[in-house]
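The structure file entry_15.cif is reproduced below (mmCIF, C-alpha atoms).
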```
data_model
loop_
_atom_site.label_atom_id
_atom_site.label_comp_id
_atom_site.auth_asym_id
_atom_site.auth_seq_id
_atom_site.Cartn_x
_atom_site.Cartn_y
_atom_site.Cartn_z
CA MET A 1 24.32 25.27 174.34
CA LYS A 2 27.62 23.83 175.44
CA LEU A 3 30.81 25.45 174.19
CA THR A 4 33.94 23.44 174.23
CA LEU A 5 37.30 24.97 175.02
CA ALA A 6 38.39 24.42 171.41
CA ALA A 7 35.36 26.34 170.10
CA VAL A 8 36.07 29.27 172.42
CA VAL A 9 39.75 29.36 171.42
CA PHE A 10 38.79 29.18 167.75
CA ALA A 11 36.31 32.06 168.09
CA PHE A 12 38.86 34.17 169.98
CA THR A 13 41.49 33.50 167.29
CA ILE A 14 39.10 34.56 164.52
CA MET A 15 38.19 37.77 166.38
CA THR A 16 41.88 38.58 166.94
CA LEU A 17 42.75 37.99 163.28
CA ASN A 18 39.84 40.15 162.14
CA ALA A 19 40.95 42.97 164.45
CA GLN A 20 44.51 42.66 163.13
CA ALA A 21 43.27 42.72 159.54
CA ARG A 22 41.31 45.94 160.22
CA SER A 23 44.40 47.49 161.83
CA VAL A 24 46.63 46.47 158.93
CA SER A 25 44.22 47.75 156.31
CA SER A 26 43.98 51.19 157.91
CA THR A 27 47.59 51.81 158.93
CA CYS A 28 49.72 49.02 157.44
CA GLU A 29 51.14 48.32 160.88
CA VAL A 30 51.88 44.71 161.69
CA THR A 31 53.38 43.94 165.05
CA LYS A 32 55.73 41.14 166.01
CA PRO A 33 53.25 39.74 168.56
CA SER A 34 50.93 38.95 165.63
CA ARG A 35 52.56 35.48 165.55
CA LEU A 36 53.36 35.81 161.88
CA ALA A 37 56.80 35.19 160.47
CA MET A 38 58.89 38.18 159.35
CA ASP A 39 58.25 37.57 155.67
CA GLN A 40 54.51 37.23 156.32
CA ARG A 41 54.46 40.54 158.20
CA ASP A 42 56.34 42.21 155.35
CA ASP A 43 53.92 40.67 152.83
CA LEU A 44 50.97 42.16 154.74
CA ARG A 45 52.67 45.56 154.84
CA MET A 46 53.40 45.45 151.10
CA THR A 47 49.86 44.36 150.24
CA CYS A 48 48.48 47.18 152.37
CA LEU A 49 50.92 49.67 150.84
CA LYS A 50 49.94 48.74 147.29
CA LYS A 51 46.23 49.03 148.14
CA GLN A 52 46.71 52.54 149.53
CA THR A 53 48.82 54.11 146.78
CA SER A 54 46.01 56.48 145.85
CA ARG A 55 45.88 57.93 149.38
CA LEU A 56 49.46 57.94 150.61
CA SER A 57 51.98 60.75 150.44
CA VAL A 58 55.63 59.90 149.79
CA ASP A 59 56.47 60.48 153.46
CA GLN A 60 53.65 58.20 154.65
CA CYS A 61 54.77 55.57 152.16
CA LEU A 62 58.38 55.78 153.33
CA LYS A 63 57.25 55.36 156.93
CA ILE A 64 55.70 52.04 155.95
CA SER A 65 58.85 51.12 153.99
CA ASN A 66 60.97 51.81 157.05
CA SER A 67 58.92 49.27 159.01
CA MET A 68 59.84 46.44 156.63
CA GLU A 69 61.93 43.78 158.33
CA TYR A 70 63.76 42.40 155.29
CA SER A 71 65.94 44.88 153.44
CA THR A 72 64.93 43.56 150.02
CA ASN A 73 61.28 44.16 150.92
CA ALA A 74 62.17 47.67 152.12
CA GLU A 75 63.88 48.34 148.78
CA ASP A 76 60.83 47.10 146.86
CA SER A 77 58.47 49.21 148.94
CA ARG A 78 60.62 52.32 148.38
CA MET A 79 60.25 51.71 144.66
CA VAL A 80 56.47 51.71 145.17
CA CYS A 81 56.85 55.07 146.95
CA LEU A 82 58.82 56.44 144.01
CA TYR A 83 56.83 55.11 141.06
CA ASP A 84 53.36 53.94 142.07
CA LEU A 85 51.79 56.65 144.23
CA LYS A 86 48.97 58.69 142.74
CA LYS A 87 50.75 61.87 143.82
CA ALA A 88 54.01 61.80 141.88
CA ALA A 89 57.28 62.10 143.76
CA THR A 90 59.15 65.38 143.52
CA PHE A 91 62.86 65.75 142.79
CA ASN A 92 63.51 66.10 146.53
CA ASP A 93 61.46 62.96 147.23
CA CYS A 94 63.46 61.16 144.58
CA ARG A 95 66.75 62.23 146.17
CA LYS A 96 65.51 61.21 149.62
CA ILE A 97 64.53 57.76 148.35
CA SER A 98 67.87 57.35 146.58
CA LYS A 99 69.68 58.01 149.86
CA LEU A 100 67.52 55.45 151.68
CA MET A 101 68.30 52.64 149.24
CA GLU A 102 70.46 50.08 150.97
CA TYR A 103 72.05 48.42 147.97
CA PRO A 104 74.44 50.33 145.67
CA ASP A 105 72.83 49.00 142.48
CA SER A 106 69.32 50.08 143.38
CA GLY A 107 70.54 53.38 144.81
CA ASP A 108 72.35 54.22 141.58
CA GLN A 109 69.32 53.18 139.53
CA VAL A 110 67.11 55.57 141.49
CA ARG A 111 69.70 58.35 141.09
CA TRP A 112 69.69 57.81 137.30
CA ASP A 113 65.90 57.93 137.30
CA CYS A 114 65.98 61.18 139.31
CA MET A 115 68.32 62.78 136.80
CA ARG A 116 66.44 61.58 133.73
CA ASN A 117 62.91 62.19 135.00
CA PHE A 118 63.67 65.70 136.23
CA GLU A 119 66.31 66.79 133.72
CA ARG A 120 64.08 69.58 132.40
CA LYS A 121 63.27 70.82 135.91
CA ILE A 122 66.61 70.72 137.72
CA SER A 123 69.70 72.84 137.43
CA LYS A 124 73.07 71.59 136.30
CA SER A 125 74.39 71.89 139.85
CA GLN A 126 71.50 69.79 141.22
CA CYS A 127 72.21 67.16 138.60
CA LEU A 128 75.91 67.14 139.50
CA GLN A 129 75.04 66.69 143.18
CA VAL A 130 73.06 63.58 142.32
CA ALA A 131 75.83 62.37 140.00
CA LYS A 132 78.43 62.71 142.74
CA ASP A 133 76.26 60.57 145.05
CA MET A 134 76.56 57.57 142.72
CA SER A 135 77.95 54.50 144.48
CA TYR A 136 80.01 53.14 141.62
CA PRO A 137 82.81 55.25 140.09
CA ALA A 138 81.84 54.33 136.52
CA ASN A 139 78.25 55.45 137.16
CA ARG A 140 79.53 58.65 138.78
CA ASP A 141 81.74 59.46 135.79
CA ARG A 142 78.99 58.72 133.28
CA ALA A 143 76.45 60.74 135.28
CA ILE A 144 78.76 63.75 135.44
CA VAL A 145 79.13 63.63 131.66
CA PHE A 146 75.33 63.38 131.36
CA CYS A 147 74.88 66.48 133.53
CA GLU A 148 77.55 68.43 131.68
CA GLN A 149 76.19 67.61 128.24
CA GLU A 150 72.43 67.37 128.75
CA LEU A 151 71.75 70.22 131.16
CA ARG A 152 72.38 73.89 130.55
#
```
Write-out of the structure in structure tokens:
Amino acid sequence: MKLTLAAVVFAFTIMTLNAQARSVSSTCEVTKPSRLAMDQRDDLRMTCLKKQTSRLSVDQCLKISNSMEYSTNAEDSRMVCLYDLKKAATFNDCRKISKLMEYPDSGDQVRWDCMRNFERKISKSQCLQVAKDMSYPANRDRAIVFCEQELR
């Protein structure tokens, strides 16, 4: 049986891609030498992340988020860490995620969610700390009023 150079290269490529797929599915790591474009690598990470939401802790999820190469993809993956994991995020996890958000809009949205979702579990001073972290002055002012009026 004669193998041509093209057949050998094709077989090697298939074996390499299969090995990379196994690596991605178990750890969500995609390396730059994989010859995929940045958005393709991020897409693989996000697909892997979404498939493993039942097994990941918030810290493991954030580690994957931190490996994203596009900041918008990192923001989206942090939202998965906050809302989609089987083990719900704690107030401290929520605060950590809010501080990692790169864009003021999304950071303030997460801060609002932290205050609303945990309003029965946090103290007034904890609420005010989150309120003071708001990026936009109008959000900060409104959040302070929320904490003053809604929490005892």
Quick one: apply the PyMOL selection byres ((chain A and resi 63) around 12) to the file and drop the selected residues here as a PDB file with C-alpha atoms, in the coordinates of the input.
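Okay, part36.pdb is ready:
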```pdb
ATOM      1  CA  THR A  27      47.590  51.810 158.930  1.00  0.00           C
ATOM      2  CA  CYS A  28      49.720  49.020 157.440  1.00  0.00           C
ATOM      3  CA  GLU A  29      51.140  48.320 160.880  1.00  0.00           C
ATOM      4  CA  ARG A  45      52.670  45.560 154.840  1.00  0.00           C
ATOM      5  CA  LEU A  49      50.920  49.670 150.840  1.00  0.00           C
ATOM      6  CA  LEU A  56      49.460  57.940 150.610  1.00  0.00           C
ATOM      7  CA  SER A  57      51.980  60.750 150.440  1.00  0.00           C
ATOM      8  CA  VAL A  58      55.630  59.900 149.790  1.00  0.00           C
ATOM      9  CA  ASP A  59      56.470  60.480 153.460  1.00  0.00           C
ATOM     10  CA  GLN A  60      53.650  58.200 154.650  1.00  0.00           C
ATOM     11  CA  CYS A  61      54.770  55.570 152.160  1.00  0.00           C
ATOM     12  CA  LEU A  62      58.380  55.780 153.330  1.00  0.00           C
ATOM     13  CA  ILE A  64      55.700  52.040 155.950  1.00  0.00           C
ATOM     14  CA  SER A  65      58.850  51.120 153.990  1.00  0.00           C
ATOM     15  CA  ASN A  66      60.970  51.810 157.050  1.00  0.00           C
ATOM     16  CA  SER A  67      58.920  49.270 159.010  1.00  0.00           C
ATOM     17  CA  MET A  68      59.840  46.440 156.630  1.00  0.00           C
ATOM     18  CA  ALA A  74      62.170  47.670 152.120  1.00  0.00           C
ATOM     19  CA  SER A  77      58.470  49.210 148.940  1.00  0.00           C
ATOM     20  CA  ARG A  78      60.620  52.320 148.380  1.00  0.00           C
ATOM     21  CA  CYS A  81      56.850  55.070 146.950  1.00  0.00           C
ATOM     22  CA  ILE A  97      64.530  57.760 148.350  1.00  0.00           C
ATOM     23  CA  LEU A 100      67.520  55.450 151.680  1.00  0.00           C
TER      24      LEU A 100
END
```
Residues at most 9 Å from Ala143 (chain A), counting all atoms listed in the file, excluding those fewer than 6 positions away in the same chain, as an NGL selection string?
:A and (112 or 115 or 127-128 or 130-132 or 134)
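With only C-alpha atoms as the atoms that count, the minimum distance from Glu150 (chain A) to the choices A:Gln109, A:Ser71, A:Ser123, A:Gln52 is reached by A:Ser123.
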Tell me which protein, DNA and RNA residues are within 12 Å of Thr72 (chain A), counting all atoms listed in the file, leaving out same-chain ones fewer than 6 positions away, and put them as a JSON list (two decimals) with C-alpha atoms, in the coordinates of the input.
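Written file, out24.json:
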```json
[["chain", "number", "residue", "atom", "x", "y", "z"],
["A", 39, "ASP", "CA", 58.25, 37.57, 155.67],
["A", 42, "ASP", "CA", 56.34, 42.21, 155.35],
["A", 43, "ASP", "CA", 53.92, 40.67, 152.83],
["A", 46, "MET", "CA", 53.40, 45.45, 151.10],
["A", 65, "SER", "CA", 58.85, 51.12, 153.99],
["A", 66, "ASN", "CA", 60.97, 51.81, 157.05],
["A", 78, "ARG", "CA", 60.62, 52.32, 148.38],
["A", 79, "MET", "CA", 60.25, 51.71, 144.66],
["A", 101, "MET", "CA", 68.30, 52.64, 149.24],
["A", 102, "GLU", "CA", 70.46, 50.08, 150.97],
["A", 103, "TYR", "CA", 72.05, 48.42, 147.97],
["A", 106, "SER", "CA", 69.32, 50.08, 143.38]]
```
Once the PyMOL selection byres ((chain A and resi 116-122) around 12) is applied to the coordinates I shared, what remains selected? I want it as number ranges by chain.
A: 82-83, 88-95, 109-115, 123-131, 143, 146-152
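Distance-wise, CA of Leu44 (chain A) and CA of Glu69 (chain A) end up 11.6 Å apart.
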